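J.: Okay, so here is run_34.cif, and as you'll see once you scroll down, it has mmCIF, C-alpha atoms.
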data_work
loop_
_atom_site.label_atom_id
_atom_site.label_comp_id
_atom_site.auth_asym_id
_atom_site.auth_seq_id
_atom_site.Cartn_x
_atom_site.Cartn_y
_atom_site.Cartn_z
CA PRO A 1 -6.96 -2.16 -1.69
CA PRO A 2 -7.13 -0.81 1.81
CA ARG A 3 -4.99 -1.70 4.78
CA THR A 4 -6.16 -1.13 8.32
CA ALA A 5 -4.28 0.72 11.03
CA THR A 6 -4.41 1.25 14.75
CA PRO A 7 -3.99 4.49 16.74
CA SER A 8 -0.54 6.03 16.84
CA THR A 9 -0.19 5.10 20.51
CA ALA A 10 -0.03 1.39 19.65
CA THR A 11 2.83 -0.53 21.30
CA ASN A 12 1.53 -4.10 20.92
CA PRO A 13 -0.07 -4.29 17.47
CA PRO A 14 -2.94 -6.72 16.91
CA ASN A 15 -2.40 -9.97 15.08
CA GLY A 16 -1.66 -9.40 11.41
CA MET A 17 -0.18 -5.96 11.96
CA VAL A 18 3.32 -4.64 12.53
CA LEU A 19 4.51 -1.71 14.63
CA VAL A 20 6.31 1.18 12.96
CA PRO A 21 8.25 2.92 15.75
CA ALA A 22 8.12 6.64 16.38
CA GLY A 23 10.80 8.72 14.74
CA SER A 24 11.78 10.78 11.71
CA PHE A 25 12.22 9.75 8.10
CA SER A 26 12.96 11.42 4.78
CA MET A 27 9.66 11.97 2.97
CA GLY A 28 9.51 12.73 -0.72
CA CYS A 29 12.04 12.46 -3.52
CA VAL A 30 15.51 11.34 -2.48
CA PRO A 31 18.45 12.81 -4.45
CA ARG A 32 19.47 9.50 -6.07
CA ASP A 33 15.97 8.83 -7.43
CA SER A 34 16.02 10.14 -11.01
CA SER A 35 12.35 9.32 -11.67
CA CYS A 36 10.80 11.70 -9.14
CA GLN A 37 7.86 13.87 -10.12
CA SER A 38 7.29 17.51 -9.20
CA ASP A 39 4.56 16.64 -6.67
CA GLU A 40 7.06 14.50 -4.72
CA GLN A 41 9.34 17.43 -3.95
CA PRO A 42 10.87 18.86 -1.94
CA SER A 43 12.16 16.10 0.30
CA ARG A 44 11.80 16.87 4.00
CA GLU A 45 12.31 15.28 7.38
CA VAL A 46 8.98 14.26 8.92
CA HIS A 47 8.48 12.98 12.47
CA LEU A 48 5.65 10.53 13.20
CA ASP A 49 4.41 8.91 16.37
CA ALA A 50 4.40 5.12 16.52
CA PHE A 51 1.65 3.38 14.60
CA ALA A 52 0.70 -0.11 13.44
CA ILE A 53 -0.11 -1.15 9.87
CA ASP A 54 -1.35 -4.35 8.26
CA LYS A 55 1.34 -6.72 7.04
CA THR A 56 -0.51 -7.42 3.80
CA GLU A 57 -3.15 -5.87 1.62
CA VAL A 58 -6.77 -6.53 2.60
CA THR A 59 -7.88 -9.71 0.87
CA VAL A 60 -11.07 -10.37 -1.05
CA ALA A 61 -12.11 -12.79 1.71
CA ALA A 62 -11.64 -10.18 4.44
CA TYR A 63 -13.55 -7.55 2.50
CA ARG A 64 -16.31 -10.06 1.69
CA SER A 65 -16.85 -10.65 5.39
CA CYS A 66 -17.46 -6.92 5.80
CA VAL A 67 -19.97 -6.94 2.92
CA ASP A 68 -21.73 -10.01 4.34
CA ALA A 69 -22.04 -8.23 7.70
CA GLY A 70 -23.76 -5.32 5.98
CA ASP A 71 -21.02 -2.84 6.83
CA CYS A 72 -19.33 -2.45 3.43
CA GLY A 73 -20.53 -1.82 -0.10
CA VAL A 74 -20.00 -4.23 -2.98
CA PRO A 75 -16.94 -3.30 -5.10
CA MET A 76 -17.06 -2.69 -8.81
CA THR A 77 -16.80 -5.69 -11.10
CA GLY A 78 -15.05 -6.11 -14.40
CA SER A 79 -12.21 -7.87 -16.16
CA SER A 80 -9.55 -6.52 -13.80
CA CYS A 81 -11.60 -6.73 -10.60
CA ASN A 82 -11.10 -9.60 -8.14
CA TRP A 83 -14.48 -9.44 -6.40
CA SER A 84 -16.41 -11.64 -8.81
CA GLU A 85 -13.51 -13.81 -9.97
CA PRO A 86 -13.44 -17.40 -8.61
CA GLY A 87 -10.34 -18.53 -6.76
CA ARG A 88 -9.22 -15.07 -5.70
CA GLU A 89 -10.29 -15.00 -2.07
CA GLN A 90 -6.67 -14.54 -0.95
CA HIS A 91 -5.90 -11.93 -3.60
CA PRO A 92 -6.00 -8.22 -2.67
CA ILE A 93 -9.40 -6.62 -2.92
CA ASN A 94 -9.41 -4.02 -5.70
CA CYS A 95 -11.92 -1.87 -7.58
CA VAL A 96 -12.98 -0.12 -4.36
CA ASP A 97 -13.16 3.63 -4.04
CA TRP A 98 -11.78 5.74 -1.19
CA LYS A 99 -15.07 5.78 0.69
CA GLN A 100 -15.38 1.99 0.57
CA ALA A 101 -11.80 1.57 1.76
CA ASP A 102 -12.41 4.04 4.58
CA THR A 103 -15.61 2.25 5.59
CA TYR A 104 -13.81 -1.08 5.72
CA CYS A 105 -11.08 0.31 7.96
CA ARG A 106 -13.60 1.92 10.28
CA SER A 107 -15.51 -1.37 10.52
CA LYS A 108 -12.32 -2.85 11.99
CA LYS A 109 -11.96 0.12 14.39
CA LYS A 110 -8.94 1.28 12.41
CA ARG A 111 -8.37 3.85 9.68
CA LEU A 112 -6.55 4.43 6.41
CA PRO A 113 -2.93 5.52 6.77
CA THR A 114 -1.92 9.06 6.00
CA GLN A 115 0.42 9.58 3.06
CA ALA A 116 3.30 10.15 5.49
CA GLU A 117 2.54 6.98 7.46
CA TRP A 118 2.32 4.88 4.34
CA GLU A 119 5.56 6.24 2.95
CA LYS A 120 7.43 5.68 6.22
CA ALA A 121 6.16 2.11 6.49
CA ALA A 122 7.23 1.37 2.92
CA ARG A 123 10.51 3.30 2.92
CA GLY A 124 11.89 2.71 6.40
CA PRO A 125 14.41 4.98 8.14
CA ASP A 126 17.20 4.71 5.56
CA GLY A 127 15.67 6.67 2.67
CA ARG A 128 15.45 3.76 0.25
CA ILE A 129 13.81 4.30 -3.14
CA TYR A 130 11.70 1.11 -3.04
CA PRO A 131 10.39 -0.92 -0.10
CA TRP A 132 13.03 -3.64 -0.68
CA GLY A 133 15.93 -1.24 -1.28
CA ASN A 134 17.30 0.64 -4.28
CA GLN A 135 17.40 -2.20 -6.80
CA PRO A 136 15.15 -1.76 -9.86
CA PRO A 137 11.68 -3.38 -9.73
CA SER A 138 11.38 -6.87 -11.14
CA CYS A 139 8.93 -9.78 -11.00
CA GLU A 140 11.17 -11.33 -8.36
CA ARG A 141 10.12 -8.61 -5.93
CA VAL A 142 6.77 -7.22 -7.05
CA VAL A 143 3.72 -8.12 -9.13
CA MET A 144 3.96 -5.72 -12.06
CA PHE A 145 3.36 -5.22 -15.77
CA ASP A 146 6.21 -7.30 -17.18
CA ARG A 147 5.73 -9.96 -19.84
CA GLY A 148 2.10 -8.87 -19.65
CA ARG A 149 -0.14 -8.01 -16.71
CA GLY A 150 0.77 -9.51 -13.38
CA CYS A 151 4.20 -10.75 -14.45
CA GLY A 152 2.58 -12.77 -17.21
CA LYS A 153 -0.26 -14.22 -15.10
CA GLY A 154 -2.82 -11.71 -16.30
CA GLY A 155 -3.70 -10.09 -12.97
CA THR A 156 -3.05 -10.02 -9.24
CA TRP A 157 -1.38 -12.71 -7.13
CA PRO A 158 -2.33 -13.86 -3.61
CA VAL A 159 -1.09 -11.46 -0.95
CA GLY A 160 2.36 -12.32 0.38
CA SER A 161 3.49 -13.93 -2.88
CA LYS A 162 6.71 -11.94 -3.21
CA PRO A 163 8.87 -12.36 -0.08
CA ALA A 164 11.85 -10.81 -1.88
CA GLY A 165 9.90 -7.54 -2.01
CA LYS A 166 9.40 -7.21 1.72
CA THR A 167 10.32 -4.06 3.59
CA ARG A 168 12.32 -3.76 6.79
CA ARG A 169 9.13 -2.68 8.54
CA LEU A 170 6.51 -4.92 6.99
CA ALA A 171 6.69 -8.68 7.02
CA ARG A 172 5.02 -8.85 3.63
CA HIS A 173 4.78 -5.73 1.53
CA ARG A 174 3.64 -6.47 -1.99
CA ARG A 175 2.11 -4.26 -4.64
CA ALA A 176 -0.17 -5.97 -7.14
CA LEU A 177 -1.87 -4.56 -10.23
CA VAL A 178 -4.77 -3.14 -8.28
CA VAL A 179 -6.46 0.16 -7.58
CA ALA A 180 -4.50 1.75 -4.76
CA VAL A 181 -6.21 3.79 -2.08
CA ALA A 182 -4.44 6.05 0.39
CA HIS A 183 -5.43 9.10 2.40
CA PRO A 184 -2.80 11.85 2.07
CA ALA A 185 -1.67 13.80 5.08
CA PRO A 186 -2.75 17.48 4.89
CA THR A 187 0.86 18.67 4.65
CA ALA A 188 2.34 15.77 2.67
CA TYR A 189 2.73 17.38 -0.76
CA SER A 190 1.13 20.59 -1.95
CA THR A 191 -0.47 19.01 -5.02
CA TRP A 192 -1.03 15.40 -3.92
CA PRO A 193 -4.47 14.28 -5.17
CA ALA A 194 -6.93 12.76 -2.73
CA THR A 195 -8.01 10.15 -5.25
CA SER A 196 -7.57 6.52 -6.10
CA GLY A 197 -5.29 5.44 -8.89
CA SER A 198 -3.88 2.37 -10.55
CA TRP A 199 -0.37 1.48 -11.61
CA ARG A 200 0.28 -0.53 -14.76
CA GLY A 201 4.01 0.01 -15.26
CA ARG A 202 7.00 0.01 -12.97
CA PRO A 203 6.70 1.53 -9.49
CA ARG A 204 8.88 4.62 -9.22
CA SER A 205 9.16 4.80 -5.45
CA PRO A 206 7.42 4.02 -2.12
CA ARG A 207 4.95 6.78 -3.04
CA ASP A 208 3.65 4.54 -5.85
CA LEU A 209 3.05 1.62 -3.52
CA LYS A 210 -0.15 2.62 -1.77
CA ALA A 211 -2.41 -0.08 -0.38
CA ARG A 212 -3.55 -1.20 3.09
CA CYS A 213 -5.19 0.52 6.04
CA ARG A 214 -3.64 1.69 9.26
#
Go through the file and emit its structure as structure tokens.
T.:
Amino acid sequence: PPRTATPSTATNPPNGMVLVPAGSFSMGCVPRDSSCQSDEQPSREVHLDAFAIDKTEVTVAAYRSCVDAGDCGVPMTGSSCNWSEPGREQHPINCVDWKQADTYCRSKKKRLPTQAEWEKAARGPDGRIYPWGNQPPSCERVVMFDRGRGCGKGGTWPVGSKPAGKTRRLARHRRALVVAVAHPAPTAYSTWPATSGSWRGRPRSPRDLKARCR
């Protein structure tokens, strides 16, 4: 699901967004994270200008308004897709490709975050492994594959359902079992794929938690 973002010069973010101040952060694998992959290394200090990012994933209702206006394409449908499922208007939109996510963001006069921006927003300035800290993932903090899909509920939850999983930067940062879309920065990682992907196990790090626009 996409999240929208405003230009890096933002100082008063629009309603529903939060400002991530300018400054440096540690991007990539931190030494205490034993589950890092080769494409997350080496860790390096990266400086970013200030930017704003959505507090939650884009909902089905928000994306539907873009489709109804003729600006966005209809997402894929299927057993794991929220678009055609009743009662999921406040769930994160999923089953969209990168182009659809980009189009949605542009329709709001925003854009997708770079890989570096997304990681800084999720990680914060203290080099934490997960958005909430260094504690292992659990259904208390994140919607994940545990006791079945969606913490036993069979799919996604409404956005903002896991306040214990919030970051220091974002008022509500939740990752559901959805297709994640992010646009990597050109110098983020040498082998980072510019593709969408889905996560069905435990999130390893902030790099696994990609959703929203900037």
J.: Taking the file as I've supplied it (selection: the PyMOL selection byres ((chain A and resi 16) around 10)), which residues are included? Please answer as a ChimeraX atom specification.
T.: /A:4,13-15,17-18,52-56,171
J.: Of the candidates A:Ser84, A:Phe51, A:Asp71, A:Ala62, which one gets nearest to Pro21 (chain A) if we count all atoms listed in the file?
T.: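 Closest to Pro21 (chain A) of all the choices is A:Phe51.
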J.: Starting from the displayed file, determine the output of the PyMOL selection byres ((chain A and resi 96) around 7) and express the residue list as a list in words.
T.: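 Output from the PyMOL selection byres ((chain A and resi 96) around 7), applied to this file: Pro1, Pro75, Met76, Asn94, Cys95, Asp97, Trp98, Gln100 and Ala101 of chain A.
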J.: Have a look at CA of Trp132 (chain A) and CA of Trp118 (chain A) and let me know their distance in Å, one decimal.
T.: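 Going from CA of Trp132 (chain A) over to CA of Trp118 (chain A) covers 14.6 Å.
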J.: One number please: CA of Asp102 (chain A) to CA of Cys72 (chain A), in Å, one decimal.
T.: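 Distance reported for this atom pair: 9.6 Å.
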J.: Any idea what the distance is between CA of Cys139 (chain A) and CA of Ser80 (chain A)?
T.: 19.0 Å
J.: Between A:Val30, A:Ala22, A:Val60, A:Cys81, which one has atoms that come closest to Arg128 (chain A), using only C-alpha atoms?
T.: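 Looking at the shortest contact to Arg128 (chain A), the residue is A:Val30.
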J.: Around region 76-92 of chain A, with edges along x, y and z and 3 Å added on all six sides, what centre and edge lengths do you get, in Å to one decimal, as JSON?
T.:
{"center_x": -11.5, "center_y": -10.6, "center_z": -8.6, "size_x": 17.2, "size_y": 21.8, "size_z": 21.2}
J.: Using all atoms listed in the file, which residues sit within 12 Å of Arg32 (chain A) once same-chain residues fewer than 6 positions away are excluded, as a list in words?
T.: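 Here the answer would be Ser43, Gly127, Arg128, Ile129, Tyr130, Asn134, Gln135 and Ser205 of chain A.
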J.: Pick from A:Glu119, A:Asn82, A:Arg88, A:Pro158: nearest to Cys29 (chain A), with only C-alpha atoms counted?
T.: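 Ranking A:Glu119, A:Asn82, A:Arg88, A:Pro158 by distance to Cys29 (chain A), first place goes to A:Glu119.
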J.: Could you list the residues chosen by the PyMOL selection byres ((chain A and resi 49) around 7) in this structure as a ChimeraX atom specification?
T.: /A:8,22-23,47-48,50-51
J.: Restricting the calculation to all atoms listed in the file, which member of A:Val159, A:Asn12, A:Glu45, A:Ser34 is positioned closest to Ala116 (chain A)?
T.: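 With all atoms listed in the file as the atom set, the closest residue is A:Glu45.
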J.: In terms of the shortest atom-to-atom distance over all atoms listed in the file, which of A:Val58, A:Cys36, A:Cys151, A:Val142 is closest to Arg214 (chain A)?
T.: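 Result for the nearest residue to Arg214 (chain A): A:Val58.
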J.: Quick one: of A:Gly155, A:Gly160, A:Gly165, A:Gly78, who's nearest to Thr59 (chain A), counting only C-alpha atoms?
T.: A:Gly160
